[in-house]
file structure-v7.tsv (TSV, N, CA and C atoms)
chain	number	residue	atom	x	y	z
A	1	MET	N	8.89	-4.23	-19.85
A	1	MET	CA	8.65	-3.05	-19.03
A	1	MET	C	7.45	-3.27	-18.10
A	2	VAL	N	6.43	-3.94	-18.64
A	2	VAL	CA	5.25	-4.21	-17.82
A	2	VAL	C	5.63	-5.06	-16.61
A	3	ASN	N	6.49	-6.05	-16.84
A	3	ASN	CA	6.92	-6.90	-15.73
A	3	ASN	C	7.65	-6.11	-14.66
A	4	VAL	N	8.45	-5.15	-15.06
A	4	VAL	CA	9.18	-4.32	-14.09
A	4	VAL	C	8.19	-3.52	-13.24
A	5	ILE	N	7.19	-2.95	-13.87
A	5	ILE	CA	6.18	-2.17	-13.14
A	5	ILE	C	5.42	-3.07	-12.18
A	6	LEU	N	5.02	-4.25	-12.63
A	6	LEU	CA	4.27	-5.17	-11.77
A	6	LEU	C	5.12	-5.65	-10.60
A	7	ILE	N	6.38	-5.93	-10.84
A	7	ILE	CA	7.28	-6.35	-9.75
A	7	ILE	C	7.48	-5.21	-8.77
A	8	PHE	N	7.60	-3.99	-9.28
A	8	PHE	CA	7.76	-2.83	-8.40
A	8	PHE	C	6.52	-2.67	-7.50
A	9	ILE	N	5.34	-2.78	-8.08
A	9	ILE	CA	4.11	-2.66	-7.30
A	9	ILE	C	4.04	-3.78	-6.26
A	10	LEU	N	4.43	-4.98	-6.65
A	10	LEU	CA	4.43	-6.10	-5.70
A	10	LEU	C	5.38	-5.83	-4.54
A	11	LEU	N	6.60	-5.41	-4.84
A	11	LEU	CA	7.58	-5.15	-3.78
A	11	LEU	C	7.15	-4.01	-2.86
A	12	MET	N	6.60	-2.96	-3.44
A	12	MET	CA	6.12	-1.84	-2.62
A	12	MET	C	4.93	-2.26	-1.76
A	13	SER	N	4.05	-3.08	-2.31
A	13	SER	CA	2.89	-3.54	-1.55
A	13	SER	C	3.30	-4.43	-0.39
A	14	VAL	N	4.24	-5.34	-0.65
A	14	VAL	CA	4.73	-6.20	0.43
A	14	VAL	C	5.41	-5.34	1.50
A	15	SER	N	6.20	-4.37	1.08
A	15	SER	CA	6.87	-3.48	2.03
A	15	SER	C	5.86	-2.69	2.86
A	16	ALA	N	4.85	-2.13	2.20
A	16	ALA	CA	3.83	-1.35	2.92
A	16	ALA	C	3.07	-2.24	3.90
A	17	PHE	N	2.76	-3.46	3.48
A	17	PHE	CA	2.07	-4.41	4.35
A	17	PHE	C	2.89	-4.68	5.60
A	18	LEU	N	4.17	-4.97	5.40
A	18	LEU	CA	5.06	-5.25	6.52
A	18	LEU	C	5.23	-4.03	7.43
A	19	LEU	N	5.31	-2.85	6.83
A	19	LEU	CA	5.42	-1.63	7.63
A	19	LEU	C	4.19	-1.43	8.50
A	20	MET	N	3.02	-1.71	7.96
A	20	MET	CA	1.79	-1.57	8.76
A	20	MET	C	1.81	-2.55	9.93
A	21	GLY	N	2.23	-3.77	9.68
A	21	GLY	CA	2.32	-4.76	10.75
A	21	GLY	C	3.34	-4.37	11.81
A	22	TYR	N	4.49	-3.90	11.37
A	22	TYR	CA	5.53	-3.49	12.30
A	22	TYR	C	5.08	-2.30	13.13
A	23	ASP	N	4.45	-1.33	12.48
A	23	ASP	CA	3.99	-0.14	13.21
A	23	ASP	C	2.93	-0.51	14.24
A	24	LYS	N	2.05	-1.44	13.89
A	24	LYS	CA	1.03	-1.88	14.84
A	24	LYS	C	1.70	-2.56	16.04
A	25	SER	N	2.70	-3.39	15.75
A	25	SER	CA	3.43	-4.06	16.81
A	25	SER	C	4.11	-3.05	17.74
A	26	GLN	N	4.73	-2.05	17.14
A	26	GLN	CA	5.39	-1.01	17.92
A	26	GLN	C	4.38	-0.19	18.72
A	27	ALA	N	3.21	0.03	18.16
A	27	ALA	CA	2.17	0.78	18.87
A	27	ALA	C	1.74	0.02	20.13
A	28	LYS	N	1.60	-1.29	20.01
A	28	LYS	CA	1.21	-2.09	21.16
A	28	LYS	C	2.28	-2.07	22.25
A	29	LYS	N	3.56	-2.08	21.83
A	29	LYS	CA	4.68	-2.10	22.79
A	29	LYS	C	5.10	-0.71	23.23
A	30	ARG	N	4.45	0.31	22.65
A	30	ARG	CA	4.84	1.70	22.90
A	30	ARG	C	6.29	1.94	22.50
A	31	GLY	N	6.69	1.32	21.40
A	31	GLY	CA	8.05	1.47	20.89
A	31	GLY	C	8.14	2.58	19.87
A	32	GLN	N	9.26	2.62	19.17
A	32	GLN	CA	9.47	3.65	18.15
A	32	GLN	C	8.61	3.32	16.93
A	33	ARG	N	7.81	4.29	16.54
A	33	ARG	CA	6.82	4.11	15.48
A	33	ARG	C	7.35	4.55	14.13
A	34	ILE	N	6.68	4.10	13.10
A	34	ILE	CA	6.95	4.55	11.74
A	34	ILE	C	6.07	5.76	11.49
A	35	SER	N	6.63	6.79	10.92
A	35	SER	CA	5.86	8.02	10.72
A	35	SER	C	4.73	7.80	9.71
A	36	GLU	N	3.67	8.56	9.88
A	36	GLU	CA	2.56	8.49	8.94
A	36	GLU	C	3.01	8.90	7.55
A	37	LYS	N	3.94	9.83	7.49
A	37	LYS	CA	4.48	10.26	6.19
A	37	LYS	C	5.12	9.09	5.45
A	38	THR	N	5.86	8.25	6.17
A	38	THR	CA	6.49	7.09	5.56
A	38	THR	C	5.44	6.09	5.08
A	39	LEU	N	4.41	5.85	5.89
A	39	LEU	CA	3.34	4.93	5.49
A	39	LEU	C	2.65	5.43	4.22
A	40	TRP	N	2.37	6.73	4.18
A	40	TRP	CA	1.74	7.33	2.99
A	40	TRP	C	2.66	7.25	1.78
A	41	THR	N	3.94	7.48	1.98
A	41	THR	CA	4.89	7.44	0.86
A	41	THR	C	4.91	6.06	0.22
A	42	PHE	N	4.99	5.03	1.04
A	42	PHE	CA	4.98	3.67	0.49
A	42	PHE	C	3.65	3.37	-0.20
A	43	ALA	N	2.56	3.83	0.37
A	43	ALA	CA	1.24	3.56	-0.22
A	43	ALA	C	1.09	4.27	-1.56
A	44	ILE	N	1.51	5.50	-1.63
A	44	ILE	CA	1.35	6.29	-2.86
A	44	ILE	C	2.25	5.75	-3.98
A	45	PHE	N	3.48	5.40	-3.65
A	45	PHE	CA	4.43	4.98	-4.67
A	45	PHE	C	4.43	3.46	-4.87
A	46	GLY	N	3.27	2.90	-5.06
A	46	GLY	CA	3.16	1.50	-5.45
A	46	GLY	C	2.62	0.56	-4.40
A	47	GLY	N	2.56	0.97	-3.16
A	47	GLY	CA	2.16	0.04	-2.10
A	47	GLY	C	0.74	0.18	-1.60
A	48	GLY	N	-0.12	0.76	-2.40
A	48	GLY	CA	-1.50	0.98	-1.97
A	48	GLY	C	-2.24	-0.28	-1.60
A	49	ILE	N	-2.02	-1.35	-2.35
A	49	ILE	CA	-2.71	-2.61	-2.07
A	49	ILE	C	-2.23	-3.19	-0.74
A	50	GLY	N	-0.94	-3.26	-0.56
A	50	GLY	CA	-0.39	-3.80	0.68
A	50	GLY	C	-0.71	-2.96	1.90
A	51	ALA	N	-0.71	-1.64	1.73
A	51	ALA	CA	-1.04	-0.75	2.85
A	51	ALA	C	-2.48	-0.95	3.29
A	52	TYR	N	-3.39	-1.06	2.32
A	52	TYR	CA	-4.80	-1.26	2.68
A	52	TYR	C	-5.02	-2.63	3.32
A	53	LEU	N	-4.44	-3.66	2.73
A	53	LEU	CA	-4.59	-4.99	3.30
A	53	LEU	C	-3.97	-5.08	4.69
A	54	GLY	N	-2.82	-4.45	4.87
A	54	GLY	CA	-2.18	-4.42	6.19
A	54	GLY	C	-3.02	-3.67	7.21
A	55	MET	N	-3.60	-2.57	6.78
A	55	MET	CA	-4.46	-1.80	7.67
A	55	MET	C	-5.64	-2.65	8.14
A	56	GLN	N	-6.23	-3.40	7.22
A	56	GLN	CA	-7.38	-4.23	7.56
A	56	GLN	C	-6.98	-5.44	8.41
A	57	LEU	N	-5.93	-6.13	8.01
A	57	LEU	CA	-5.51	-7.34	8.72
A	57	LEU	C	-5.02	-7.04	10.13
A	58	PHE	N	-4.20	-6.01	10.27
A	58	PHE	CA	-3.63	-5.68	11.58
A	58	PHE	C	-4.53	-4.73	12.38
A	59	ARG	N	-5.63	-4.29	11.76
A	59	ARG	CA	-6.54	-3.33	12.38
A	59	ARG	C	-5.77	-2.12	12.91
A	60	HIS	N	-5.02	-1.55	11.99
A	60	HIS	CA	-4.14	-0.45	12.34
A	60	HIS	C	-4.51	0.78	11.52
A	61	LYS	N	-4.68	1.90	12.16
A	61	LYS	CA	-5.03	3.18	11.53
A	61	LYS	C	-6.47	3.16	10.99
A	62	THR	N	-7.28	2.23	11.44
A	62	THR	CA	-8.64	2.13	10.91
A	62	THR	C	-9.57	3.22	11.45
A	63	LEU	N	-9.18	3.89	12.50
A	63	LEU	CA	-10.00	4.98	13.03
A	63	LEU	C	-9.69	6.30	12.36
A	64	HIS	N	-8.63	6.33	11.58
A	64	HIS	CA	-8.24	7.54	10.86
A	64	HIS	C	-8.94	7.55	9.50
A	65	THR	N	-9.86	8.46	9.31
A	65	THR	CA	-10.61	8.52	8.06
A	65	THR	C	-9.70	8.71	6.86
A	66	SER	N	-8.68	9.51	7.00
A	66	SER	CA	-7.79	9.75	5.86
A	66	SER	C	-7.10	8.46	5.42
A	67	PHE	N	-6.73	7.61	6.37
A	67	PHE	CA	-6.11	6.34	6.03
A	67	PHE	C	-7.14	5.38	5.42
A	68	ARG	N	-8.31	5.29	6.06
A	68	ARG	CA	-9.34	4.37	5.54
A	68	ARG	C	-9.70	4.70	4.11
A	69	VAL	N	-10.01	5.95	3.85
A	69	VAL	CA	-10.44	6.36	2.52
A	69	VAL	C	-9.25	6.42	1.56
A	70	GLY	N	-8.17	7.00	1.99
A	70	GLY	CA	-7.00	7.17	1.12
A	70	GLY	C	-6.39	5.85	0.69
A	71	PHE	N	-6.18	4.95	1.64
A	71	PHE	CA	-5.59	3.66	1.29
A	71	PHE	C	-6.55	2.84	0.42
A	72	LEU	N	-7.84	2.94	0.67
A	72	LEU	CA	-8.81	2.25	-0.17
A	72	LEU	C	-8.76	2.78	-1.60
A	73	MET	N	-8.71	4.09	-1.75
A	73	MET	CA	-8.65	4.68	-3.09
A	73	MET	C	-7.36	4.29	-3.81
A	74	LEU	N	-6.25	4.30	-3.09
A	74	LEU	CA	-4.98	3.90	-3.70
A	74	LEU	C	-5.01	2.42	-4.11
A	75	MET	N	-5.61	1.58	-3.27
A	75	MET	CA	-5.72	0.18	-3.63
A	75	MET	C	-6.52	0.01	-4.92
A	76	ILE	N	-7.63	0.71	-5.02
A	76	ILE	CA	-8.46	0.63	-6.22
A	76	ILE	C	-7.67	1.09	-7.44
A	77	VAL	N	-6.95	2.19	-7.32
A	77	VAL	CA	-6.14	2.70	-8.43
A	77	VAL	C	-5.12	1.66	-8.87
A	78	TYR	N	-4.41	1.04	-7.92
A	78	TYR	CA	-3.38	0.07	-8.27
A	78	TYR	C	-3.96	-1.22	-8.82
A	79	VAL	N	-5.12	-1.63	-8.34
A	79	VAL	CA	-5.77	-2.82	-8.91
A	79	VAL	C	-6.15	-2.54	-10.36
A	80	PHE	N	-6.74	-1.38	-10.61
A	80	PHE	CA	-7.08	-1.02	-12.00
A	80	PHE	C	-5.83	-0.92	-12.87
A	81	LEU	N	-4.76	-0.37	-12.33
A	81	LEU	CA	-3.51	-0.27	-13.09
A	81	LEU	C	-2.98	-1.66	-13.45
A	82	ILE	N	-3.00	-2.57	-12.49
A	82	ILE	CA	-2.53	-3.93	-12.75
A	82	ILE	C	-3.38	-4.61	-13.81
A	83	VAL	N	-4.69	-4.49	-13.68
A	83	VAL	CA	-5.59	-5.09	-14.67
A	83	VAL	C	-5.34	-4.48	-16.04
A	84	TRP	N	-5.18	-3.18	-16.10
A	84	TRP	CA	-4.93	-2.50	-17.37
A	84	TRP	C	-3.62	-2.97	-17.99
A	85	LEU	N	-2.58	-3.10	-17.15
A	85	LEU	CA	-1.28	-3.54	-17.66
A	85	LEU	C	-1.32	-4.99	-18.16
A	86	LEU	N	-2.17	-5.80	-17.56
A	86	LEU	CA	-2.24	-7.20	-17.93
A	86	LEU	C	-3.14	-7.47	-19.14
A	87	THR	N	-3.88	-6.47	-19.58
A	87	THR	CA	-4.72	-6.66	-20.77
A	87	THR	C	-3.91	-6.35	-22.01
A	88	ASP	N	-4.42	-6.79	-23.13
A	88	ASP	CA	-3.73	-6.54	-24.40
A	88	ASP	C	-3.83	-5.09	-24.85
A	89	ASN	N	-4.65	-4.30	-24.20
A	89	ASN	CA	-4.84	-2.89	-24.58
A	89	ASN	C	-3.72	-1.99	-24.08
A	90	SER	N	-2.82	-2.53	-23.29
A	90	SER	CA	-1.75	-1.73	-22.71
A	90	SER	C	-0.80	-1.24	-23.79
A	91	PRO	N	-0.58	0.09	-23.86
A	91	PRO	CA	0.32	0.63	-24.89
A	91	PRO	C	1.79	0.50	-24.54
A	92	ILE	N	2.10	0.04	-23.32
A	92	ILE	CA	3.50	-0.06	-22.90
A	92	ILE	C	4.07	-1.36	-23.44
A	93	VAL	N	4.89	-1.26	-24.47
A	93	VAL	CA	5.50	-2.45	-25.07
A	93	VAL	C	7.00	-2.17	-25.25
A	94	PHE	N	7.78	-2.82	-24.41
A	94	PHE	CA	9.24	-2.65	-24.50
A	94	PHE	C	9.88	-4.00	-24.66

call {"tool": "encode", "arguments": {"input": "structure-v7.tsv", "output": "structure tokens"}}
result
Amino acid sequence: MVNVILIFILLMSVSAFLLMGYDKSQAKKRGQRISEKTLWTFAIFGGGIGAYLGMQLFRHKTLHTSFRVGFLMLMIVYVFLIVWLLTDNSPIVF
């Protein structure tokens, strides 16, 4: 079960990272953008690490305080969750 959760977080993080890059690309080209709601949804449901890293790498949404603080907090939560799941103290044993 732990592996499933970790793989889910990985997939969501990669997806959120790619979405941030794509949205930045579209912003530069003035193309069709990805909604902020979609970016937040991916970040909240497992993609906090990828969303934050994408925001920093692509320098996208960095002027929005809600994104800077929110994505950072989500990244911290998911890093702690991963560390907790990888320790022997994790009660999830399937």

call {"tool": "atom_distance", "arguments": {"input": "structure-v7.tsv", "atom1": "atom C of Gly47 (chain A)", "atom2": "atom N of Val2 (chain A)"}}
result
18.4 Å

call {"tool": "atom_distance", "arguments": {"input": "structure-v7.tsv", "atom1": "CA of Glu36 (chain A)", "atom2": "atom C of Phe8 (chain A)"}}
result
20.3 Å

call {"tool": "residues_around", "arguments": {"input": "structure-v7.tsv", "residues": "Phe45 (chain A)", "least_positions_apart": "2", "cutoff": "8 Å", "atoms": "all atoms listed in the file", "output": "NGL selection string"}}
result
:A and (8-9 or 12-13 or 39-43 or 47-48)

call {"tool": "closest_residue", "arguments": {"input": "structure-v7.tsv", "among": "A:Leu6, A:Ile82, A:Met20, A:Ser15", "to": "Phe58 (chain A)", "atoms": "only C-alpha atoms"}}
result
A:Met20

call {"tool": "residues_near_point", "arguments": {"input": "structure-v7.tsv", "point": "(-7.6, 4.0, 9.0)", "cutoff": "12 Å", "atoms": "only C-alpha atoms", "output": "mmCIF file with N, CA and C atoms, in the frame of the given file"}}
result
data_model
loop_
_atom_site.group_PDB
_atom_site.id
_atom_site.type_symbol
_atom_site.label_atom_id
_atom_site.label_comp_id
_atom_site.auth_asym_id
_atom_site.auth_seq_id
_atom_site.Cartn_x
_atom_site.Cartn_y
_atom_site.Cartn_z
ATOM 1 N N MET A 20 3.020 -1.710 7.960
ATOM 2 C CA MET A 20 1.790 -1.570 8.760
ATOM 3 C C MET A 20 1.810 -2.550 9.930
ATOM 4 N N LYS A 24 2.050 -1.440 13.890
ATOM 5 C CA LYS A 24 1.030 -1.880 14.840
ATOM 6 C C LYS A 24 1.700 -2.560 16.040
ATOM 7 N N GLU A 36 3.670 8.560 9.880
ATOM 8 C CA GLU A 36 2.560 8.490 8.940
ATOM 9 C C GLU A 36 3.010 8.900 7.550
ATOM 10 N N LEU A 39 4.410 5.850 5.890
ATOM 11 C CA LEU A 39 3.340 4.930 5.490
ATOM 12 C C LEU A 39 2.650 5.430 4.220
ATOM 13 N N TRP A 40 2.370 6.730 4.180
ATOM 14 C CA TRP A 40 1.740 7.330 2.990
ATOM 15 C C TRP A 40 2.660 7.250 1.780
ATOM 16 N N ALA A 51 -0.710 -1.640 1.730
ATOM 17 C CA ALA A 51 -1.040 -0.750 2.850
ATOM 18 C C ALA A 51 -2.480 -0.950 3.290
ATOM 19 N N TYR A 52 -3.390 -1.060 2.320
ATOM 20 C CA TYR A 52 -4.800 -1.260 2.680
ATOM 21 C C TYR A 52 -5.020 -2.630 3.320
ATOM 22 N N LEU A 53 -4.440 -3.660 2.730
ATOM 23 C CA LEU A 53 -4.590 -4.990 3.300
ATOM 24 C C LEU A 53 -3.970 -5.080 4.690
ATOM 25 N N GLY A 54 -2.820 -4.450 4.870
ATOM 26 C CA GLY A 54 -2.180 -4.420 6.190
ATOM 27 C C GLY A 54 -3.020 -3.670 7.210
ATOM 28 N N MET A 55 -3.600 -2.570 6.780
ATOM 29 C CA MET A 55 -4.460 -1.800 7.670
ATOM 30 C C MET A 55 -5.640 -2.650 8.140
ATOM 31 N N GLN A 56 -6.230 -3.400 7.220
ATOM 32 C CA GLN A 56 -7.380 -4.230 7.560
ATOM 33 C C GLN A 56 -6.980 -5.440 8.410
ATOM 34 N N LEU A 57 -5.930 -6.130 8.010
ATOM 35 C CA LEU A 57 -5.510 -7.340 8.720
ATOM 36 C C LEU A 57 -5.020 -7.040 10.130
ATOM 37 N N PHE A 58 -4.200 -6.010 10.270
ATOM 38 C CA PHE A 58 -3.630 -5.680 11.580
ATOM 39 C C PHE A 58 -4.530 -4.730 12.380
ATOM 40 N N ARG A 59 -5.630 -4.290 11.760
ATOM 41 C CA ARG A 59 -6.540 -3.330 12.380
ATOM 42 C C ARG A 59 -5.770 -2.120 12.910
ATOM 43 N N HIS A 60 -5.020 -1.550 11.990
ATOM 44 C CA HIS A 60 -4.140 -0.450 12.340
ATOM 45 C C HIS A 60 -4.510 0.780 11.520
ATOM 46 N N LYS A 61 -4.680 1.900 12.160
ATOM 47 C CA LYS A 61 -5.030 3.180 11.530
ATOM 48 C C LYS A 61 -6.470 3.160 10.990
ATOM 49 N N THR A 62 -7.280 2.230 11.440
ATOM 50 C CA THR A 62 -8.640 2.130 10.910
ATOM 51 C C THR A 62 -9.570 3.220 11.450
ATOM 52 N N LEU A 63 -9.180 3.890 12.500
ATOM 53 C CA LEU A 63 -10.000 4.980 13.030
ATOM 54 C C LEU A 63 -9.690 6.300 12.360
ATOM 55 N N HIS A 64 -8.630 6.330 11.580
ATOM 56 C CA HIS A 64 -8.240 7.540 10.860
ATOM 57 C C HIS A 64 -8.940 7.550 9.500
ATOM 58 N N THR A 65 -9.860 8.460 9.310
ATOM 59 C CA THR A 65 -10.610 8.520 8.060
ATOM 60 C C THR A 65 -9.700 8.710 6.860
ATOM 61 N N SER A 66 -8.680 9.510 7.000
ATOM 62 C CA SER A 66 -7.790 9.750 5.860
ATOM 63 C C SER A 66 -7.100 8.460 5.420
ATOM 64 N N PHE A 67 -6.730 7.610 6.370
ATOM 65 C CA PHE A 67 -6.110 6.340 6.030
ATOM 66 C C PHE A 67 -7.140 5.380 5.420
ATOM 67 N N ARG A 68 -8.310 5.290 6.060
ATOM 68 C CA ARG A 68 -9.340 4.370 5.540
ATOM 69 C C ARG A 68 -9.700 4.700 4.110
ATOM 70 N N VAL A 69 -10.010 5.950 3.850
ATOM 71 C CA VAL A 69 -10.440 6.360 2.520
ATOM 72 C C VAL A 69 -9.250 6.420 1.560
ATOM 73 N N GLY A 70 -8.170 7.000 1.990
ATOM 74 C CA GLY A 70 -7.000 7.170 1.120
ATOM 75 C C GLY A 70 -6.390 5.850 0.690
ATOM 76 N N PHE A 71 -6.180 4.950 1.640
ATOM 77 C CA PHE A 71 -5.590 3.660 1.290
ATOM 78 C C PHE A 71 -6.550 2.840 0.420
ATOM 79 N N LEU A 72 -7.840 2.940 0.670
ATOM 80 C CA LEU A 72 -8.810 2.250 -0.170
ATOM 81 C C LEU A 72 -8.760 2.780 -1.600
#

call {"tool": "residues_near_point", "arguments": {"input": "structure-v7.tsv", "point": "(3.8, 1.6, 16.4)", "cutoff": "10 Å", "atoms": "only C-alpha atoms", "output": "compact mmCIF listing (two decimals) with N, CA and C atoms, keeping the file's coordinate frame"}}
result
# COMPACT_ATOMS: atom_id res chain seq x y z
N LEU A 19 5.31 -2.85 6.83
CA LEU A 19 5.42 -1.63 7.63
C LEU A 19 4.19 -1.43 8.50
N MET A 20 3.02 -1.71 7.96
CA MET A 20 1.79 -1.57 8.76
C MET A 20 1.81 -2.55 9.93
N GLY A 21 2.23 -3.77 9.68
CA GLY A 21 2.32 -4.76 10.75
C GLY A 21 3.34 -4.37 11.81
N TYR A 22 4.49 -3.90 11.37
CA TYR A 22 5.53 -3.49 12.30
C TYR A 22 5.08 -2.30 13.13
N ASP A 23 4.45 -1.33 12.48
CA ASP A 23 3.99 -0.14 13.21
C ASP A 23 2.93 -0.51 14.24
N LYS A 24 2.05 -1.44 13.89
CA LYS A 24 1.03 -1.88 14.84
C LYS A 24 1.70 -2.56 16.04
N SER A 25 2.70 -3.39 15.75
CA SER A 25 3.43 -4.06 16.81
C SER A 25 4.11 -3.05 17.74
N GLN A 26 4.73 -2.05 17.14
CA GLN A 26 5.39 -1.01 17.92
C GLN A 26 4.38 -0.19 18.72
N ALA A 27 3.21 0.03 18.16
CA ALA A 27 2.17 0.78 18.87
C ALA A 27 1.74 0.02 20.13
N LYS A 28 1.60 -1.29 20.01
CA LYS A 28 1.21 -2.09 21.16
C LYS A 28 2.28 -2.07 22.25
N LYS A 29 3.56 -2.08 21.83
CA LYS A 29 4.68 -2.10 22.79
C LYS A 29 5.10 -0.71 23.23
N ARG A 30 4.45 0.31 22.65
CA ARG A 30 4.84 1.70 22.90
C ARG A 30 6.29 1.94 22.50
N GLY A 31 6.69 1.32 21.40
CA GLY A 31 8.05 1.47 20.89
C GLY A 31 8.14 2.58 19.87
N GLN A 32 9.26 2.62 19.17
CA GLN A 32 9.47 3.65 18.15
C GLN A 32 8.61 3.32 16.93
N ARG A 33 7.81 4.29 16.54
CA ARG A 33 6.82 4.11 15.48
C ARG A 33 7.35 4.55 14.13
N ILE A 34 6.68 4.10 13.10
CA ILE A 34 6.95 4.55 11.74
C ILE A 34 6.07 5.76 11.49
N SER A 35 6.63 6.79 10.92
CA SER A 35 5.86 8.02 10.72
C SER A 35 4.73 7.80 9.71
N HIS A 60 -5.02 -1.55 11.99
CA HIS A 60 -4.14 -0.45 12.34
C HIS A 60 -4.51 0.78 11.52

call {"tool": "closest_residue", "arguments": {"input": "structure-v7.tsv", "among": "A:Leu11, A:Met1, A:Ile49, A:Leu18", "to": "Met75 (chain A)", "atoms": "all atoms listed in the file"}}
result
A:Ile49

call {"tool": "atom_distance", "arguments": {"input": "structure-v7.tsv", "atom1": "atom N of Asn3 (chain A)", "atom2": "CA of Lys37 (chain A)"}}
result
28.3 Å

call {"tool": "select_by_dssp", "arguments": {"input": "structure-v7.tsv", "residues": "chain A", "states": "helix (DSSP H, G or I)", "output": "PyMOL selection string"}}
result
chain A and resi 2-29+36-58+65-86
